[in-house]
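Okay, structure first, notes after.
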Amino acid sequence: MSKAYNTSLIEKKWQKIWDEKGTFYASEDTDKPKYYALIEFPYPSGKGLHVGHPRPYTALDVVARKRRLEGYNVLYPMGWDAFGLPTENYAIKNKIHPRIVTENNVAKFKQQLKSLGYSFDWSREVNTTDPEYYKWTQWIFLKLFEKGLAYKQEFPINWCTDCKIGLANEEVVNGACERCGGEVVRKIKNQWMLKITEYAEKLIKDLDLVDYIDRVKIQQTNWIGRSEGAEVDFEVAGKGEKLRVFTTRPDTLFGATYMVISPEHPMIEKYKDDINNMDSIIEYKDMASKKSDFERTELVKEKTGVEIDGLKAINPVTGKEIPIWISDYVLMSYGTGAIMAVPGHDTRDWEFAKKFNLPIIEVVKGGNVEEEAFTDIQTGEMINSDFLNKLNVEEAKKKITDWLVEKKLGERKINYKLRDWVFSRQRYWGEPIPLVHCEKCGWVPVPEEDLPLTLPEVDNYEPTENGESPIAKIRDWVETTCPKCGGKGERETDTMPQWAGSSWYFLRYTDPHNNEEFASKESLEYWLPVDWYNGGMEHTTLHLLYSRFWHKFLYDIGVVPVPEPYQKRTSHGMILGENNEKMSKSRGNVVNPDEIIEDFGADTLRMYEMFIGDFEKSVPWSMNGVKGCRRFLDKVWKLQDMVVDGDEYSKDLMTNMHKTIKKVSEDFETLKFNTAIAALMSLINDFNSVGKITRGEMRTFLILLNPVAPHITEELWEILGFENMISDQQWAKWDEDKTVDDEIEMAVQVNGKVRGTIVIAVDANKEQAKAKAMEDENIMKHIDGKTIVKEIYVPGKIFNIVVK
RNA sequence: GCCGAAGUGGUGGAACUGGCAGACGCGCCGGAUUCAAAAUCCGGUGGUAGCAAUACCGUGCGGGUUCGAGUCCCGCCUUCGGCACCA
C-alpha cells in the first residue's frame, strides 16, 4: 500500500530540488530551438498574491513545461513592476520609504509564487525600481528625446483643490477627490509627452505580422482609430483669419450650418475683445474644466453650449455666414479642436441643432432629417449641394476634396484617435526623467555615463503645494550644472509613469545582468521575439500599445532585431468571488491562495485554476470545485497501486491513450486547459474500470499531467522508479491512426429529429447505413406509410431521412 | 454615448468546419461501508407526461435561412471589460 499523499512535504521537496538543480534556468545551449513564454509581471501590492494571479501564470507554466519536454530551450522569466501609486500612497500614510514597502511586498510575492512551483527562471528576476534596471529605462527615454519623440506640452491634470495635488483618473470619483472629497478641476501643466502618434500607422499595419487573438487586434486598431477625411478652412468673418476643421464627411459641406469649437480653443482668448458675451463663455469654460474627460462622456446626455456673440464664420462653399458655438463635446485633443456642424447627417450635431434651434439642411437624400440625422453613406444621393448634386457619397467626397485642394481651401488628411502619451507624473515613486533645464541651452540630457539618475531621499512623499513632485523640494538635487555649457541648470522633477518600466522589461529578461547595454545583441537575436505573451484584456490598449511603440522605436534605431516584440498574444478572464462579483476586501469574498495551498496543495490550486472554466472568460471561484480537483489528484496518487509490468499500452486502453495524448497536446496549445484536464479525468475513470494499468500507460499519463501538476507527477515518477526526472523526458506522442475507433455510433434522424442510433463502421457507405437504420423499430415507425423524399448521409456524422 | 466580449441544466462549463445539446467537474438523490459521522466506492440526475418503450419542450428574447441551428443572417434585451462625446 502506498503512503498518504502529503502535499506540503512533496511540494516543498520538489521545489527545493528544482531550485538547487536550476532545472528551469534557460540554458546557454543556443543550438536548441528557443521558446520565450511571457506573462505580465505583477505589481507587488501589499495585499499579497490574489487568486487571479495564478491563472495566467499557470497557463504559460503549462506551455513552458510542455515546450521543454518537446526539446526547446525555454525562457519563462518573472519580475516586478514595482513603481506605482499604491506603494507611494502607503508610504505617505505610514511614513515608510516606498523602497522598503516594495522590498517587503516583493519578498512576500516571491515566496507565494515559489510555493506554487512555477518553472520561472529566477536567475533572471528583474525589478523596475532597481537603479540598475531603470538606468536603461532612462536610457531609452533619452534616445526618444534625442530623436525628437519627447516634447513638452501643456496638458490638463486632475487637480484636487483641497489636497492641492494632482490625481490619477482612478482617484477621481464622480468629479471629487477620492481621499478628501474635495472638488477636482482640470489644471493645465507643462508635461513631457511622447509622440506615439508618429507610430500610429505602423502600429496598425504591423498587426498583420503577429498572431494576436482577434479581439486584441480589433481593440488596438479601434483605439488608434485611423480615419480618412479632409481639413477645411472656414474664414472668420472680417478677421482675415481661418478656422480649420477636420471632417470625415467633406461631402456634406453644403449642409454645414454652424461651427462648434472646443471651450479650450485659443481663438476665444485671441478675440476676447470682439466677443460680446465673454462672461457666459468664461462661465461655460469653467464648468467644462471641472469635468474629467470621462465625465464629459458619461454624464453629458443633454448637449450644452454657448453661442459666441460677435464672431461669425463663412461656409467656404456657400459663402454664407454661420454662427460659431462652443461646446464641451468638441475636444481640443482630437482633430483641430473645431468642427463644422452638419446637423442633417451627424447625430451629435443633430441633437445640438434641435436643442438650440439651428437650421438643418438635407444634403444627402434618403432619410428624414426633421426626424433624425441621416448618416448612411452607402445609399444616399447628394442634393442641395450645387456641383455635387446627384453624386453618391463616395464620389462626392472625392470631388469636393479635389475641389478644396485645388482652391487651396483645404487638404486631404488622415486623422487618428490616438493621442500622444502623457509621460510626466508629479510623483516620487517613479523613474526620474534624466533632463536638466538650462537657461541658455534649454533641455539637456543627463550624459549616458551618469545614468542611472537615482531618486533622491526625501522626508515626505507628498507632492508639493503647487503640484510639483516632492523631489522638487530637494534643492541640492534639483540645482545642478548644465551638462552642455557647465552653467547653472535645474533638473526635471517629474518622474515617469508606471508604464515606462513595463514597456521594455521583456528585453531585459534576455540578458538581465548586463552592465554595458540593456541587453546584448546576441541575447536579443537569440530570444526575440517573445513567442507567446499572455495578459489581461485591460492592458490591451495601454500597456500593450506602449510597449509595441517603444519596441518599434528601438527597432528603428537599430538596437533590437525584430519589428514586433510579441509574436502571439492571448488573454485570460478574471477570477471573481463565489458570489460572482469582483473579489475585494469590502465585499468579503477574497480567497487567499496561501490557504488553498495549505489545505489542498499547490497542484490542486494550479489544476483548479486551469479547470475552473473557459480560460478566456471571467469565472466565479468555487470551493467545491477545488475539492473536486483534489479528489482527482487523490485518485492519481492511488494509481501507483494499480501499476503492472509492461511498456506497451494494453488493448483495452489503446485508443483512449492515443486520443487523450492528442487531445491534451492540442488543447494545451489553444488555451483549452479545462477540456485537456477533463480528458485526463476521463482517462483515469477508464483506468479504474479496467482495474490495472501498465507502466507504459502510467508513464504517459504522468507526462501529460506534469505541466499542470508538476509536484505529484515528479513524486510518483520517482516512487515508481522511472528514469531521472520527468523534466528530463520527452513529451508523449500519438499515432493518428490509433485515435479513431473502427466502429461508431451514429444518430439517425427522420425529418431532422433523432429517432434512433446505429452502430456502423467509420467508413460505411450510405447503403450500409440505411440497411442498419431500417432494422430499427423506432426509425421504421416514423418512416412507415410515408414517402422518402431525401436522404442526407454525412459519413461519420449523421444520417437524416426526410419523409413526406 | 463609443469600442470589445459574453448569455447553454440546480451549478462551473463541454459541443470539430451547421450534424445525437449537456462531455468532465460540483451539487443533489439512492445504495454499499461505518456503532455513527466524515472520507471512500457503486448507481442515478435538463423539464413535462408515462410503469415503460417513447413523445413533446428545451442553449437570453423575436424573426429568418437550412434536410438539420447553441453554432449562420436580421432586429432586440441583459451582463461583463475598456474608454479619450473622436466629428
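Identifiers in the C-alpha cells: chain A, B, ... in order shown; residue index from 1 per chain; ligand index from 1 in order shown.
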
Compile the residues of chain A that lie within 6 Å of chain B, evaluated using only C-alpha atoms (C1' of nucleotides), and express the compilation as a PDB file with N, CA and C atoms, in the first residue's frame.
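Once everything was written out, this is result15.pdb:
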ATOM      1  N   THR A 297     -17.986  62.361 -21.129  1.00  0.00           N
ATOM      2  CA  THR A 297     -18.590  61.256 -21.870  1.00  0.00           C
ATOM      3  C   THR A 297     -19.798  60.688 -21.157  1.00  0.00           C
ATOM      4  N   TYR A 329     -18.545  68.981 -26.114  1.00  0.00           N
ATOM      5  CA  TYR A 329     -18.438  67.717 -26.866  1.00  0.00           C
ATOM      6  C   TYR A 329     -17.371  67.797 -27.938  1.00  0.00           C
ATOM      7  N   LYS A 417      -7.395  58.697 -33.696  1.00  0.00           N
ATOM      8  CA  LYS A 417      -7.929  58.958 -32.358  1.00  0.00           C
ATOM      9  C   LYS A 417      -6.792  58.976 -31.347  1.00  0.00           C
ATOM     10  N   GLY A 613     -12.865  26.783 -15.804  1.00  0.00           N
ATOM     11  CA  GLY A 613     -13.782  27.167 -16.887  1.00  0.00           C
ATOM     12  C   GLY A 613     -12.993  27.639 -18.091  1.00  0.00           C
ATOM     13  N   ASN A 624     -16.063  24.150  -3.807  1.00  0.00           N
ATOM     14  CA  ASN A 624     -16.382  22.760  -4.135  1.00  0.00           C
ATOM     15  C   ASN A 624     -15.602  22.283  -5.350  1.00  0.00           C
ATOM     16  N   GLY A 625     -15.392  23.213  -6.292  1.00  0.00           N
ATOM     17  CA  GLY A 625     -14.605  22.868  -7.457  1.00  0.00           C
ATOM     18  C   GLY A 625     -13.174  22.522  -7.066  1.00  0.00           C
ATOM     19  N   ALA A 678     -10.272  17.624 -18.399  1.00  0.00           N
ATOM     20  CA  ALA A 678     -11.442  16.743 -18.464  1.00  0.00           C
ATOM     21  C   ALA A 678     -11.073  15.425 -19.141  1.00  0.00           C
ATOM     22  N   ALA A 747     -26.154   8.833 -35.098  1.00  0.00           N
ATOM     23  CA  ALA A 747     -27.557   9.177 -34.886  1.00  0.00           C
ATOM     24  C   ALA A 747     -28.291   9.136 -36.218  1.00  0.00           C
ATOM     25  N   GLY A 752     -35.023  15.518 -39.445  1.00  0.00           N
ATOM     26  CA  GLY A 752     -34.201  16.346 -38.564  1.00  0.00           C
ATOM     27  C   GLY A 752     -34.336  16.038 -37.090  1.00  0.00           C
ATOM     28  N   LYS A 797     -20.876  11.250 -39.339  1.00  0.00           N
ATOM     29  CA  LYS A 797     -21.573  12.294 -38.580  1.00  0.00           C
ATOM     30  C   LYS A 797     -23.049  11.973 -38.360  1.00  0.00           C
ATOM     31  N   ILE A 798     -23.792  11.888 -39.460  1.00  0.00           N
ATOM     32  CA  ILE A 798     -25.249  11.827 -39.306  1.00  0.00           C
ATOM     33  C   ILE A 798     -25.908  11.184 -40.514  1.00  0.00           C
TER      34      ILE A 798
END

Skipping near chain neighbours, those fewer than 2 positions away, what residues fall within 12 Å of region 469-480 of chain A using only C-alpha atoms (C1' of nucleotides), listed as a PDB file with N, CA, C and O atoms, in the first residue's frame?
ATOM      1  N   GLU A  88       3.244  54.259  -3.183  1.00  0.00           N
ATOM      2  CA  GLU A  88       3.525  55.631  -2.805  1.00  0.00           C
ATOM      3  C   GLU A  88       2.514  56.122  -1.761  1.00  0.00           C
ATOM      4  O   GLU A  88       2.876  56.740  -0.769  1.00  0.00           O
ATOM      5  N   ILE A  92       3.240  57.368   2.009  1.00  0.00           N
ATOM      6  CA  ILE A  92       2.823  58.659   2.544  1.00  0.00           C
ATOM      7  C   ILE A  92       2.085  58.462   3.861  1.00  0.00           C
ATOM      8  O   ILE A  92       2.381  59.115   4.867  1.00  0.00           O
ATOM      9  N   LYS A 164      -4.617  69.917  -2.873  1.00  0.00           N
ATOM     10  CA  LYS A 164      -3.640  70.585  -3.722  1.00  0.00           C
ATOM     11  C   LYS A 164      -2.623  69.608  -4.316  1.00  0.00           C
ATOM     12  O   LYS A 164      -1.415  69.826  -4.286  1.00  0.00           O
ATOM     13  N   ILE A 165      -3.126  68.497  -4.794  1.00  0.00           N
ATOM     14  CA  ILE A 165      -2.244  67.599  -5.541  1.00  0.00           C
ATOM     15  C   ILE A 165      -2.939  67.113  -6.807  1.00  0.00           C
ATOM     16  O   ILE A 165      -4.161  67.149  -6.915  1.00  0.00           O
ATOM     17  N   GLY A 166      -2.116  66.684  -7.737  1.00  0.00           N
ATOM     18  CA  GLY A 166      -2.636  66.105  -8.967  1.00  0.00           C
ATOM     19  C   GLY A 166      -3.107  64.689  -8.678  1.00  0.00           C
ATOM     20  O   GLY A 166      -2.514  63.977  -7.879  1.00  0.00           O
ATOM     21  N   SER A 424       4.675  62.535 -18.033  1.00  0.00           N
ATOM     22  CA  SER A 424       5.101  63.134 -16.759  1.00  0.00           C
ATOM     23  C   SER A 424       4.169  62.768 -15.623  1.00  0.00           C
ATOM     24  O   SER A 424       2.956  62.701 -15.812  1.00  0.00           O
ATOM     25  N   ARG A 425       4.742  62.552 -14.456  1.00  0.00           N
ATOM     26  CA  ARG A 425       3.934  62.410 -13.239  1.00  0.00           C
ATOM     27  C   ARG A 425       4.573  63.272 -12.170  1.00  0.00           C
ATOM     28  O   ARG A 425       5.793  63.274 -12.032  1.00  0.00           O
ATOM     29  N   GLN A 426       3.723  63.965 -11.395  1.00  0.00           N
ATOM     30  CA  GLN A 426       4.279  64.807 -10.329  1.00  0.00           C
ATOM     31  C   GLN A 426       4.317  63.978  -9.048  1.00  0.00           C
ATOM     32  O   GLN A 426       3.641  64.264  -8.077  1.00  0.00           O
ATOM     33  N   ARG A 427       5.117  62.908  -9.124  1.00  0.00           N
ATOM     34  CA  ARG A 427       5.135  61.911  -8.061  1.00  0.00           C
ATOM     35  C   ARG A 427       6.552  61.571  -7.673  1.00  0.00           C
ATOM     36  O   ARG A 427       7.483  61.853  -8.412  1.00  0.00           O
ATOM     37  N   TYR A 428       6.680  60.905  -6.515  1.00  0.00           N
ATOM     38  CA  TYR A 428       8.006  60.489  -6.071  1.00  0.00           C
ATOM     39  C   TYR A 428       8.397  59.121  -6.640  1.00  0.00           C
ATOM     40  O   TYR A 428       9.471  58.966  -7.201  1.00  0.00           O
ATOM     41  N   TRP A 429       7.502  58.157  -6.517  1.00  0.00           N
ATOM     42  CA  TRP A 429       7.897  56.765  -6.758  1.00  0.00           C
ATOM     43  C   TRP A 429       7.840  56.394  -8.240  1.00  0.00           C
ATOM     44  O   TRP A 429       6.941  55.677  -8.700  1.00  0.00           O
ATOM     45  N   GLY A 430       8.791  56.941  -8.980  1.00  0.00           N
ATOM     46  CA  GLY A 430       8.898  56.638 -10.402  1.00  0.00           C
ATOM     47  C   GLY A 430      10.321  56.941 -10.843  1.00  0.00           C
ATOM     48  O   GLY A 430      11.119  57.483 -10.067  1.00  0.00           O
ATOM     49  N   GLU A 431      10.638  56.623 -12.093  1.00  0.00           N
ATOM     50  CA  GLU A 431      11.987  56.894 -12.590  1.00  0.00           C
ATOM     51  C   GLU A 431      12.132  58.400 -12.814  1.00  0.00           C
ATOM     52  O   GLU A 431      11.322  58.997 -13.521  1.00  0.00           O
ATOM     53  N   PRO A 432      13.175  59.027 -12.257  1.00  0.00           N
ATOM     54  CA  PRO A 432      13.401  60.445 -12.564  1.00  0.00           C
ATOM     55  C   PRO A 432      13.645  60.625 -14.066  1.00  0.00           C
ATOM     56  O   PRO A 432      14.293  59.792 -14.691  1.00  0.00           O
ATOM     57  N   ILE A 433      13.063  61.690 -14.604  1.00  0.00           N
ATOM     58  CA  ILE A 433      13.297  61.979 -16.015  1.00  0.00           C
ATOM     59  C   ILE A 433      14.669  62.650 -16.122  1.00  0.00           C
ATOM     60  O   ILE A 433      14.885  63.707 -15.529  1.00  0.00           O
ATOM     61  N   PRO A 434      15.606  62.042 -16.830  1.00  0.00           N
ATOM     62  CA  PRO A 434      17.005  62.476 -16.761  1.00  0.00           C
ATOM     63  C   PRO A 434      17.320  63.675 -17.665  1.00  0.00           C
ATOM     64  O   PRO A 434      18.092  63.554 -18.615  1.00  0.00           O
ATOM     65  N   LEU A 435      16.696  64.804 -17.369  1.00  0.00           N
ATOM     66  CA  LEU A 435      16.939  66.000 -18.166  1.00  0.00           C
ATOM     67  C   LEU A 435      17.235  67.172 -17.239  1.00  0.00           C
ATOM     68  O   LEU A 435      16.750  67.226 -16.114  1.00  0.00           O
ATOM     69  N   VAL A 436      18.056  68.096 -17.752  1.00  0.00           N
ATOM     70  CA  VAL A 436      18.400  69.291 -16.992  1.00  0.00           C
ATOM     71  C   VAL A 436      17.971  70.493 -17.818  1.00  0.00           C
ATOM     72  O   VAL A 436      18.200  70.529 -19.033  1.00  0.00           O
ATOM     73  N   HIS A 437      17.329  71.439 -17.142  1.00  0.00           N
ATOM     74  CA  HIS A 437      16.951  72.640 -17.875  1.00  0.00           C
ATOM     75  C   HIS A 437      17.968  73.746 -17.627  1.00  0.00           C
ATOM     76  O   HIS A 437      18.304  74.055 -16.492  1.00  0.00           O
ATOM     77  N   CYS A 438      18.465  74.281 -18.737  1.00  0.00           N
ATOM     78  CA  CYS A 438      19.476  75.321 -18.652  1.00  0.00           C
ATOM     79  C   CYS A 438      18.917  76.568 -19.330  1.00  0.00           C
ATOM     80  O   CYS A 438      18.285  76.471 -20.386  1.00  0.00           O
ATOM     81  N   VAL A 444      18.537  69.710 -21.622  1.00  0.00           N
ATOM     82  CA  VAL A 444      19.765  68.990 -21.953  1.00  0.00           C
ATOM     83  C   VAL A 444      19.739  67.630 -21.273  1.00  0.00           C
ATOM     84  O   VAL A 444      19.441  67.536 -20.081  1.00  0.00           O
ATOM     85  N   VAL A 446      20.917  64.282 -19.373  1.00  0.00           N
ATOM     86  CA  VAL A 446      21.978  63.839 -18.470  1.00  0.00           C
ATOM     87  C   VAL A 446      22.870  62.894 -19.274  1.00  0.00           C
ATOM     88  O   VAL A 446      22.360  62.021 -19.970  1.00  0.00           O
ATOM     89  N   LEU A 453      20.233  58.064 -13.078  1.00  0.00           N
ATOM     90  CA  LEU A 453      19.981  59.224 -12.244  1.00  0.00           C
ATOM     91  C   LEU A 453      19.020  58.732 -11.164  1.00  0.00           C
ATOM     92  O   LEU A 453      17.853  58.442 -11.449  1.00  0.00           O
ATOM     93  N   THR A 454      19.544  58.586  -9.950  1.00  0.00           N
ATOM     94  CA  THR A 454      18.730  57.925  -8.925  1.00  0.00           C
ATOM     95  C   THR A 454      17.842  58.911  -8.187  1.00  0.00           C
ATOM     96  O   THR A 454      18.099  60.116  -8.151  1.00  0.00           O
ATOM     97  N   LEU A 455      16.792  58.362  -7.609  1.00  0.00           N
ATOM     98  CA  LEU A 455      15.848  59.156  -6.824  1.00  0.00           C
ATOM     99  C   LEU A 455      16.532  59.670  -5.573  1.00  0.00           C
ATOM    100  O   LEU A 455      17.174  58.901  -4.865  1.00  0.00           O
ATOM    101  N   PRO A 456      16.399  60.951  -5.287  1.00  0.00           N
ATOM    102  CA  PRO A 456      16.969  61.460  -4.047  1.00  0.00           C
ATOM    103  C   PRO A 456      16.102  61.042  -2.853  1.00  0.00           C
ATOM    104  O   PRO A 456      14.939  60.722  -3.022  1.00  0.00           O
ATOM    105  N   GLU A 457      16.700  61.034  -1.678  1.00  0.00           N
ATOM    106  CA  GLU A 457      15.923  60.754  -0.473  1.00  0.00           C
ATOM    107  C   GLU A 457      15.099  61.992  -0.137  1.00  0.00           C
ATOM    108  O   GLU A 457      15.586  63.109  -0.246  1.00  0.00           O
ATOM    109  N   VAL A 458      13.857  61.790   0.274  1.00  0.00           N
ATOM    110  CA  VAL A 458      13.045  62.920   0.733  1.00  0.00           C
ATOM    111  C   VAL A 458      12.450  62.552   2.090  1.00  0.00           C
ATOM    112  O   VAL A 458      12.423  61.386   2.469  1.00  0.00           O
ATOM    113  N   ASP A 459      11.997  63.574   2.816  1.00  0.00           N
ATOM    114  CA  ASP A 459      11.405  63.299   4.127  1.00  0.00           C
ATOM    115  C   ASP A 459       9.930  62.963   3.995  1.00  0.00           C
ATOM    116  O   ASP A 459       9.350  62.276   4.811  1.00  0.00           O
ATOM    117  N   ASN A 460       9.364  63.494   2.942  1.00  0.00           N
ATOM    118  CA  ASN A 460       7.927  63.479   2.827  1.00  0.00           C
ATOM    119  C   ASN A 460       7.589  63.175   1.377  1.00  0.00           C
ATOM    120  O   ASN A 460       8.084  63.831   0.477  1.00  0.00           O
ATOM    121  N   TYR A 461       6.737  62.172   1.158  1.00  0.00           N
ATOM    122  CA  TYR A 461       6.465  61.750  -0.217  1.00  0.00           C
ATOM    123  C   TYR A 461       5.269  62.453  -0.843  1.00  0.00           C
ATOM    124  O   TYR A 461       4.888  62.183  -1.964  1.00  0.00           O
ATOM    125  N   GLU A 462       4.658  63.368  -0.084  1.00  0.00           N
ATOM    126  CA  GLU A 462       3.516  64.101  -0.621  1.00  0.00           C
ATOM    127  C   GLU A 462       3.978  65.073  -1.707  1.00  0.00           C
ATOM    128  O   GLU A 462       4.993  65.744  -1.533  1.00  0.00           O
ATOM    129  N   PRO A 463       3.206  65.202  -2.765  1.00  0.00           N
ATOM    130  CA  PRO A 463       3.521  66.243  -3.732  1.00  0.00           C
ATOM    131  C   PRO A 463       3.441  67.622  -3.058  1.00  0.00           C
ATOM    132  O   PRO A 463       2.817  67.764  -2.010  1.00  0.00           O
ATOM    133  N   THR A 464       4.085  68.589  -3.668  1.00  0.00           N
ATOM    134  CA  THR A 464       4.129  69.918  -3.053  1.00  0.00           C
ATOM    135  C   THR A 464       2.824  70.677  -3.294  1.00  0.00           C
ATOM    136  O   THR A 464       2.007  70.290  -4.119  1.00  0.00           O
ATOM    137  N   GLU A 465       2.694  71.782  -2.560  1.00  0.00           N
ATOM    138  CA  GLU A 465       1.508  72.651  -2.635  1.00  0.00           C
ATOM    139  C   GLU A 465       1.159  73.066  -4.057  1.00  0.00           C
ATOM    140  O   GLU A 465      -0.001  73.149  -4.420  1.00  0.00           O
ATOM    141  N   ASN A 466       2.183  73.341  -4.858  1.00  0.00           N
ATOM    142  CA  ASN A 466       1.901  73.832  -6.202  1.00  0.00           C
ATOM    143  C   ASN A 466       1.835  72.705  -7.227  1.00  0.00           C
ATOM    144  O   ASN A 466       1.807  72.953  -8.432  1.00  0.00           O
ATOM    145  N   GLY A 467       1.827  71.485  -6.718  1.00  0.00           N
ATOM    146  CA  GLY A 467       1.615  70.371  -7.629  1.00  0.00           C
ATOM    147  C   GLY A 467       2.888  69.755  -8.187  1.00  0.00           C
ATOM    148  O   GLY A 467       2.837  68.819  -8.967  1.00  0.00           O
ATOM    149  N   CYS A 482      24.637  72.592 -15.972  1.00  0.00           N
ATOM    150  CA  CYS A 482      24.206  72.165 -17.299  1.00  0.00           C
ATOM    151  C   CYS A 482      25.281  71.268 -17.900  1.00  0.00           C
ATOM    152  O   CYS A 482      26.442  71.655 -17.996  1.00  0.00           O
ATOM    153  N   PRO A 483      24.917  70.030 -18.302  1.00  0.00           N
ATOM    154  CA  PRO A 483      25.922  69.105 -18.850  1.00  0.00           C
ATOM    155  C   PRO A 483      26.543  69.632 -20.135  1.00  0.00           C
ATOM    156  O   PRO A 483      27.623  69.189 -20.528  1.00  0.00           O
ATOM    157  N   LYS A 484      25.866  70.606 -20.756  1.00  0.00           N
ATOM    158  CA  LYS A 484      26.353  71.085 -22.051  1.00  0.00           C
ATOM    159  C   LYS A 484      27.301  72.272 -21.872  1.00  0.00           C
ATOM    160  O   LYS A 484      28.442  72.239 -22.329  1.00  0.00           O
ATOM    161  N   CYS A 485      26.840  73.323 -21.158  1.00  0.00           N
ATOM    162  CA  CYS A 485      27.649  74.534 -21.076  1.00  0.00           C
ATOM    163  C   CYS A 485      28.302  74.715 -19.710  1.00  0.00           C
ATOM    164  O   CYS A 485      29.120  75.628 -19.518  1.00  0.00           O
ATOM    165  N   GLY A 486      27.927  73.864 -18.743  1.00  0.00           N
ATOM    166  CA  GLY A 486      28.529  73.995 -17.423  1.00  0.00           C
ATOM    167  C   GLY A 486      27.930  75.090 -16.570  1.00  0.00           C
ATOM    168  O   GLY A 486      28.303  75.261 -15.415  1.00  0.00           O
ATOM    169  N   GLY A 487      26.964  75.811 -17.136  1.00  0.00           N
ATOM    170  CA  GLY A 487      26.304  76.864 -16.376  1.00  0.00           C
ATOM    171  C   GLY A 487      25.285  76.304 -15.402  1.00  0.00           C
ATOM    172  O   GLY A 487      25.191  75.083 -15.206  1.00  0.00           O
ATOM    173  N   LYS A 488      24.509  77.203 -14.817  1.00  0.00           N
ATOM    174  CA  LYS A 488      23.503  76.768 -13.849  1.00  0.00           C
ATOM    175  C   LYS A 488      22.377  76.019 -14.550  1.00  0.00           C
ATOM    176  O   LYS A 488      21.897  76.438 -15.597  1.00  0.00           O
ATOM    177  N   GLY A 489      21.970  74.924 -13.937  1.00  0.00           N
ATOM    178  CA  GLY A 489      20.862  74.161 -14.506  1.00  0.00           C
ATOM    179  C   GLY A 489      19.977  73.608 -13.408  1.00  0.00           C
ATOM    180  O   GLY A 489      20.386  73.522 -12.260  1.00  0.00           O
ATOM    181  N   GLU A 490      18.755  73.267 -13.801  1.00  0.00           N
ATOM    182  CA  GLU A 490      17.823  72.650 -12.855  1.00  0.00           C
ATOM    183  C   GLU A 490      17.300  71.341 -13.423  1.00  0.00           C
ATOM    184  O   GLU A 490      16.900  71.273 -14.583  1.00  0.00           O
ATOM    185  N   ARG A 491      17.279  70.333 -12.555  1.00  0.00           N
ATOM    186  CA  ARG A 491      16.785  69.032 -13.027  1.00  0.00           C
ATOM    187  C   ARG A 491      15.270  69.038 -13.194  1.00  0.00           C
ATOM    188  O   ARG A 491      14.562  69.696 -12.450  1.00  0.00           O
ATOM    189  N   GLU A 492      14.812  68.256 -14.138  1.00  0.00           N
ATOM    190  CA  GLU A 492      13.377  67.970 -14.253  1.00  0.00           C
ATOM    191  C   GLU A 492      12.981  67.215 -12.985  1.00  0.00           C
ATOM    192  O   GLU A 492      13.674  66.298 -12.559  1.00  0.00           O
ATOM    193  N   THR A 493      11.864  67.616 -12.381  1.00  0.00           N
ATOM    194  CA  THR A 493      11.462  66.929 -11.145  1.00  0.00           C
ATOM    195  C   THR A 493      10.287  65.983 -11.352  1.00  0.00           C
ATOM    196  O   THR A 493       9.895  65.274 -10.438  1.00  0.00           O
ATOM    197  N   ASP A 494       9.713  65.967 -12.544  1.00  0.00           N
ATOM    198  CA  ASP A 494       8.662  64.985 -12.831  1.00  0.00           C
ATOM    199  C   ASP A 494       9.300  63.606 -12.956  1.00  0.00           C
ATOM    200  O   ASP A 494      10.465  63.477 -13.347  1.00  0.00           O
ATOM    201  N   THR A 495       8.528  62.602 -12.631  1.00  0.00           N
ATOM    202  CA  THR A 495       9.001  61.230 -12.813  1.00  0.00           C
ATOM    203  C   THR A 495       8.193  60.578 -13.931  1.00  0.00           C
ATOM    204  O   THR A 495       7.214  61.139 -14.415  1.00  0.00           O
ATOM    205  N   MET A 496       8.636  59.376 -14.306  1.00  0.00           N
ATOM    206  CA  MET A 496       7.965  58.681 -15.414  1.00  0.00           C
ATOM    207  C   MET A 496       6.753  57.907 -14.894  1.00  0.00           C
ATOM    208  O   MET A 496       6.697  57.558 -13.726  1.00  0.00           O
TER     209      MET A 496
END

Could you tell me how far CA of Thr713 (chain A) lies from CA of Thr7 (chain A), in Å and to one decimal?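 Computed distance, CA of Thr713 (chain A) to CA of Thr7 (chain A), equals 11.7 Å.
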
Rank B:U66, B:A38, B:C61, B:U48 by their smallest atom-to-atom distance to U78 (chain B), using only C-alpha atoms (C1' of nucleotides), and report the top residue only.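 Closest to U78 (chain B) of all the choices is B:C61.
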
When DSSP is applied to the backbone of this structure, which of region 373-525 of chain A are assigned strand (DSSP E)? Write them out as a PyMOL selection string. chain A and resi 381-382+410-416+421-422+435-438+442-445+479-481+488-491

Apply DSSP to the backbone of this structure and, from region 367-560 of chain A, keep only the residues in helix (DSSP H, G or I); write these as a ChimeraX atom specification. /A:386-388,393-406,448-450,470-473,475-478,499-502,505-508,521-527,537-539,543-556

I'd like the neighbourhood of G70 (chain B) as a compact mmCIF listing (two decimals) with N, CA, C and O atoms (P, O5', C5', C4', C3', O3' and C1' of nucleotides), in the first residue's frame, where a residue qualifies if any of its atoms comes within 9 Å (using only C-alpha atoms (C1' of nucleotides)), though same-chain residues fewer than 5 positions away should be ignored.
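The resulting file, part_13.txt, is reproduced below:
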# COMPACT_ATOMS: atom_id res chain seq x y z
P U B 8 -26.00 31.11 -19.62
O5' U B 8 -26.34 29.98 -20.70
C5' U B 8 -27.70 29.77 -21.09
C4' U B 8 -27.84 28.41 -21.69
C3' U B 8 -27.80 27.25 -20.69
O3' U B 8 -29.08 27.04 -20.15
C1' U B 8 -26.41 26.76 -22.56
P A B 15 -15.55 22.61 -26.40
O5' A B 15 -16.70 22.00 -27.32
C5' A B 15 -16.59 20.67 -27.78
C4' A B 15 -17.85 20.29 -28.51
C3' A B 15 -18.36 21.32 -29.52
O3' A B 15 -17.65 21.25 -30.74
C1' A B 15 -20.14 20.58 -28.21
P A B 21 -29.87 16.23 -30.45
O5' A B 21 -29.02 17.23 -29.53
C5' A B 21 -28.80 16.90 -28.19
C4' A B 21 -27.54 17.56 -27.73
C3' A B 21 -27.20 17.30 -26.28
O3' A B 21 -26.37 16.16 -26.20
C1' A B 21 -27.19 19.63 -26.70
P U B 59 -33.88 26.85 -26.52
O5' U B 59 -32.46 26.79 -25.82
C5' U B 59 -32.28 27.42 -24.53
C4' U B 59 -30.81 27.74 -24.35
C3' U B 59 -30.26 28.76 -25.35
O3' U B 59 -29.35 29.60 -24.66
C1' U B 59 -28.99 26.79 -25.46

Residue among B:G46, B:G22, B:G62, B:G31 lying closest to G10 (chain B), counting only C-alpha atoms (C1' of nucleotides):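 Nearest to G10 (chain B): B:G46.
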
For Lys12 (chain A): contacts at 9 Å, only C-alpha atoms (C1' of nucleotides), fewer than 6 positions along chain excluded, given as a ChimeraX atom specification: /A:115,117,711
